[in-house]
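J.: The structure under discussion is supplied below as structure tokens; questions concerning it will follow.
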Amino acid sequence: MKLKYITKVKANLAIYTKKKTSNILEGAYHSIYKGKSMNFEDLREYVIGDNVKDIDWKASARSNKILIKQYIAEKKHNILFILDTGKKMLADTRDLESKKEVALMAIGTIAYLVDKHGDAISSVYRGKQNIQVFPFRTGLYHIERMLTAYEKEINTENDLENLIDYVIRFIKKRMIIFIITDIDGMNNISEKTLKKLSLLHDVSFINISDAFMTGINAFDVDQDTYIPDYFLEDETLQNMELEIKNKIYTETKETLKKYKIMATTIHRQKDIVFDILKLLERRKNANHY
């Protein structure tokens with residue numbers, strides 16, 4: 001099996017080698033999630049130098065000894081991609097690049113990063129027949145198969161609400177979740193669903209931007225036809241479109257902020273590494289906001 005997407009991801013990362021961006025990116029991810037989850041292992045007697053916050057006062061009272069809780073770090077994480085396969089993912093970004101290709105590269109970049117960290121990767125998306133779930137596994141071939149399968153299913157429907165509901169009900173793991181969609185997909189997820197998901201998991205959105213109604217040969221994927229030139233040249237309509245998009249994005253961001261869900265917007269493949277780094281740095285430095 002040829003690693004078509006992984007090769008593209010490596011080539012995109014190689015552009016920034018001189019700036020050591022890929023190393024910074026890996027470090028940012030590692031610093032955020034290292035030791036974030038801890039499992040209780042046992043109790044043991046307190047020794048000088050132990051953190052007093054770990055003292056189990058109830059157990060100490062019962063035993064007449066000062067006992068502390070001993071933890072082990074969960075060194076690996078479960079990374080889930082919830083992927084939008086809606087028809088609009090076949091359109092262009094604001095910078096007139098294929099939304100589908102930008103999405104695939106963004107997913108591939110994050111997946112490549114977390115695989116180097118040893119984390120297990122899975123994805124959930126709406127297929128032509130039903131919901132498709134990739135198992136949690138590691139390895140570049142696993143990532144390649146996941147990306148290839150997702151690419152074939154784009155052009156079905158935006159079903160993020162049902163996908164998230166499926167994840168909440170059936171995937172009983174603590175997860176770091178990346179939702180890959182556009183502003184329409186973000187806006188169509190209910191606040192109730194976002195609240196449920198954020199209480200259970202660590203959630204981030206990757207918003208793939210939409211092209212504006214400007215320029216020439218603009219194509220309406222919903223109507224499957226080119227937009228007439230007199231619409232493209234109408235400055236009033238262009239301003240209305242920009243105002244509506246900005247309003248939707250601002251309102252959506254406020255909703256996400258309420259539940260400590262981060263989001264970043266990607267316009268072109270060239271910016272993927274920096275946009276993801278920006279997302280991770282914001283999580284690390286601002287306590288989610």
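Here's how to read the names in the structure tokens: chain A, B, ... by the order shown, residue numbers from 1 in each chain, ligand numbers from 1 in the order shown.
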Mind dumping a table of every stretch 101-208 of chain A residue within 12 Å of stretch 242-250 of chain A, with the nearest atom pair and its distance in Å to one decimal, using only C-alpha atoms, sorted by chain and rising number, as a Markdown table?

T.:
| residue | atom | partner | partner_atom | distance |
| --- | --- | --- | --- | --- |
| A:Asp182 | CA | A:Tyr249 | CA | 10.1 |
| A:Ile183 | CA | A:Tyr249 | CA | 6.7 |
| A:Asp184 | CA | A:Ile248 | CA | 8.7 |
| A:Gly185 | CA | A:Tyr249 | CA | 11.0 |
| A:Met186 | CA | A:Tyr249 | CA | 8.6 |
| A:Asn187 | CA | A:Ile248 | CA | 7.1 |
| A:Asn188 | CA | A:Ile248 | CA | 10.5 |
| A:Asn207 | CA | A:Tyr249 | CA | 10.0 |

J.: Find the residues near A:Lys8: any atom within 12 Å, counting only C-alpha atoms, skip ones fewer than 6 places away on the same chain, and give them as a list in words.

T.: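 The residues that qualify are Lys2, Ala14, Ile15, Glu101, Val102, Leu104, Met105, Ala106, Ile107, Gly108, Thr109, Tyr112, Glu144, Gln269 and Lys270 of chain A.
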
J.: Next, write the just-selected residues to a file, as a PDB file, in the first residue's frame, keeping C-alpha atoms as the atom set.

T.:
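This went into selection-v7.pdb:
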ATOM      1  CA  LYS A   2       1.414   3.375  -1.049  1.00  0.00           C
ATOM      2  CA  ALA A  14       9.584  19.353   5.521  1.00  0.00           C
ATOM      3  CA  ILE A  15       8.942  22.886   4.263  1.00  0.00           C
ATOM      4  CA  GLU A 101      -7.659  18.346   0.252  1.00  0.00           C
ATOM      5  CA  VAL A 102      -7.098  20.871   3.039  1.00  0.00           C
ATOM      6  CA  LEU A 104      -7.279  15.546   4.471  1.00  0.00           C
ATOM      7  CA  MET A 105      -3.935  17.268   5.014  1.00  0.00           C
ATOM      8  CA  ALA A 106      -5.058  18.719   8.355  1.00  0.00           C
ATOM      9  CA  ILE A 107      -6.240  15.304   9.559  1.00  0.00           C
ATOM     10  CA  GLY A 108      -3.069  13.668   8.266  1.00  0.00           C
ATOM     11  CA  THR A 109      -0.836  16.227   9.982  1.00  0.00           C
ATOM     12  CA  TYR A 112       1.079  11.835  11.997  1.00  0.00           C
ATOM     13  CA  GLU A 144      -3.331   6.059   5.320  1.00  0.00           C
ATOM     14  CA  GLN A 269      -2.489  23.782   2.984  1.00  0.00           C
ATOM     15  CA  LYS A 270       0.542  26.020   3.397  1.00  0.00           C
TER      16      LYS A 270
END

J.: DSSP on the backbone: what in stretch 34-268 of chain A comes out strand (DSSP E or B), as a ChimeraX atom specification?

T.: /A:38-45,55,67-73,78-83,92,98,120-126,131-137,175-181,202-208,219-220,225-226,262-266

J.: Keeping only C-alpha atoms, write the selected residues as a PDB file, in the first residue's frame.

T.:
ATOM      1  CA  MET A  38      -3.640   9.847  35.914  1.00  0.00           C
ATOM      2  CA  ASN A  39      -4.894   6.500  37.180  1.00  0.00           C
ATOM      3  CA  PHE A  40      -5.002   5.678  40.883  1.00  0.00           C
ATOM      4  CA  GLU A  41      -2.786   2.665  41.548  1.00  0.00           C
ATOM      5  CA  ASP A  42      -2.357   2.133  45.316  1.00  0.00           C
ATOM      6  CA  LEU A  43      -1.810   3.667  48.737  1.00  0.00           C
ATOM      7  CA  ARG A  44       1.593   3.818  50.388  1.00  0.00           C
ATOM      8  CA  GLU A  45       3.083   5.407  53.493  1.00  0.00           C
ATOM      9  CA  ILE A  55      -2.454  12.441  51.212  1.00  0.00           C
ATOM     10  CA  LEU A  67      -0.898   7.421  53.516  1.00  0.00           C
ATOM     11  CA  ILE A  68      -0.662   9.000  50.106  1.00  0.00           C
ATOM     12  CA  LYS A  69      -2.369   8.090  46.859  1.00  0.00           C
ATOM     13  CA  GLN A  70       0.042   6.672  44.326  1.00  0.00           C
ATOM     14  CA  TYR A  71      -0.742   7.339  40.673  1.00  0.00           C
ATOM     15  CA  ILE A  72       0.507   6.116  37.348  1.00  0.00           C
ATOM     16  CA  ALA A  73       0.338   8.302  34.271  1.00  0.00           C
ATOM     17  CA  ASN A  78      -7.126   7.886  22.421  1.00  0.00           C
ATOM     18  CA  ILE A  79      -7.450  10.365  19.555  1.00  0.00           C
ATOM     19  CA  LEU A  80     -10.764  10.452  17.689  1.00  0.00           C
ATOM     20  CA  PHE A  81     -11.476  12.369  14.483  1.00  0.00           C
ATOM     21  CA  ILE A  82     -15.140  13.167  13.852  1.00  0.00           C
ATOM     22  CA  LEU A  83     -15.264  13.919  10.132  1.00  0.00           C
ATOM     23  CA  ASP A  92     -13.180  25.578  -2.147  1.00  0.00           C
ATOM     24  CA  SER A  98      -9.981  22.324  -2.340  1.00  0.00           C
ATOM     25  CA  ALA A 120      -4.125   5.355  19.246  1.00  0.00           C
ATOM     26  CA  ILE A 121      -6.120   6.937  16.416  1.00  0.00           C
ATOM     27  CA  SER A 122      -9.721   6.381  15.301  1.00  0.00           C
ATOM     28  CA  SER A 123     -12.270   8.169  13.122  1.00  0.00           C
ATOM     29  CA  VAL A 124     -16.040   8.358  12.800  1.00  0.00           C
ATOM     30  CA  TYR A 125     -17.893   9.663   9.750  1.00  0.00           C
ATOM     31  CA  ARG A 126     -21.096   9.211   7.794  1.00  0.00           C
ATOM     32  CA  ILE A 131     -21.892   5.446  10.207  1.00  0.00           C
ATOM     33  CA  GLN A 132     -18.338   4.231   9.659  1.00  0.00           C
ATOM     34  CA  VAL A 133     -16.003   3.721  12.625  1.00  0.00           C
ATOM     35  CA  PHE A 134     -12.281   3.051  12.301  1.00  0.00           C
ATOM     36  CA  PRO A 135     -10.797   1.100  15.249  1.00  0.00           C
ATOM     37  CA  PHE A 136      -8.268   2.686  17.617  1.00  0.00           C
ATOM     38  CA  ARG A 137      -4.859   1.715  16.265  1.00  0.00           C
ATOM     39  CA  MET A 175     -10.711  10.760  24.265  1.00  0.00           C
ATOM     40  CA  ILE A 176      -9.102  13.788  22.691  1.00  0.00           C
ATOM     41  CA  ILE A 177     -11.486  14.666  19.854  1.00  0.00           C
ATOM     42  CA  PHE A 178     -10.844  16.726  16.724  1.00  0.00           C
ATOM     43  CA  ILE A 179     -13.956  17.617  14.708  1.00  0.00           C
ATOM     44  CA  ILE A 180     -13.123  18.435  11.086  1.00  0.00           C
ATOM     45  CA  THR A 181     -15.840  20.459   9.368  1.00  0.00           C
ATOM     46  CA  ASP A 202     -11.273  17.092  25.323  1.00  0.00           C
ATOM     47  CA  VAL A 203     -12.698  18.662  22.137  1.00  0.00           C
ATOM     48  CA  SER A 204     -11.289  20.901  19.388  1.00  0.00           C
ATOM     49  CA  PHE A 205     -12.703  22.044  16.040  1.00  0.00           C
ATOM     50  CA  ILE A 206     -10.789  22.375  12.790  1.00  0.00           C
ATOM     51  CA  ASN A 207     -12.851  24.736  10.647  1.00  0.00           C
ATOM     52  CA  ILE A 208     -12.085  24.509   6.916  1.00  0.00           C
ATOM     53  CA  PHE A 219     -19.607  27.052  -8.285  1.00  0.00           C
ATOM     54  CA  ASP A 220     -22.605  26.365  -6.027  1.00  0.00           C
ATOM     55  CA  THR A 225     -24.308  24.858 -11.016  1.00  0.00           C
ATOM     56  CA  TYR A 226     -22.117  27.916 -11.579  1.00  0.00           C
ATOM     57  CA  MET A 262     -11.117  25.359  21.051  1.00  0.00           C
ATOM     58  CA  ALA A 263     -11.302  26.044  17.312  1.00  0.00           C
ATOM     59  CA  THR A 264      -8.998  27.153  14.536  1.00  0.00           C
ATOM     60  CA  THR A 265      -9.744  28.033  10.917  1.00  0.00           C
ATOM     61  CA  ILE A 266      -7.590  26.803   8.031  1.00  0.00           C
TER      62      ILE A 266
END

J.: From the options A:Lys196, A:Lys53, A:Lys76, A:Arg145, which residue's atoms come nearest to A:Tyr166, counting only C-alpha atoms?

T.: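 Counting only C-alpha atoms, the residue closest to A:Tyr166 is A:Lys196.
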
J.: I need the residue nearest A:Tyr5 from this list: A:Leu277, A:Leu96, A:Ala211, A:Ala149. Use only C-alpha atoms for the distance.

T.: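 Of A:Leu277, A:Leu96, A:Ala211, A:Ala149, the one nearest A:Tyr5 is A:Ala149, counting only C-alpha atoms.
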
J.: When you draw a straight line from atom CA of A:His117 to atom CA of A:Lys284, how long is it in Å?

T.: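 Here the two named atoms are 17.1 Å from each other.
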
J.: Report, in Å with one decimal, the straight-line distance from atom CA of A:His77 to atom CA of A:Ile276.

T.: 18.2 Å

J.: Return as a ChimeraX atom specification the full set of residues in stretch 96-243 of chain A whose backbone-based DSSP assignment is helix (DSSP H, G or I).

T.: /A:99-116,140-153,160-170,183-187,191-200,229-232,235-243
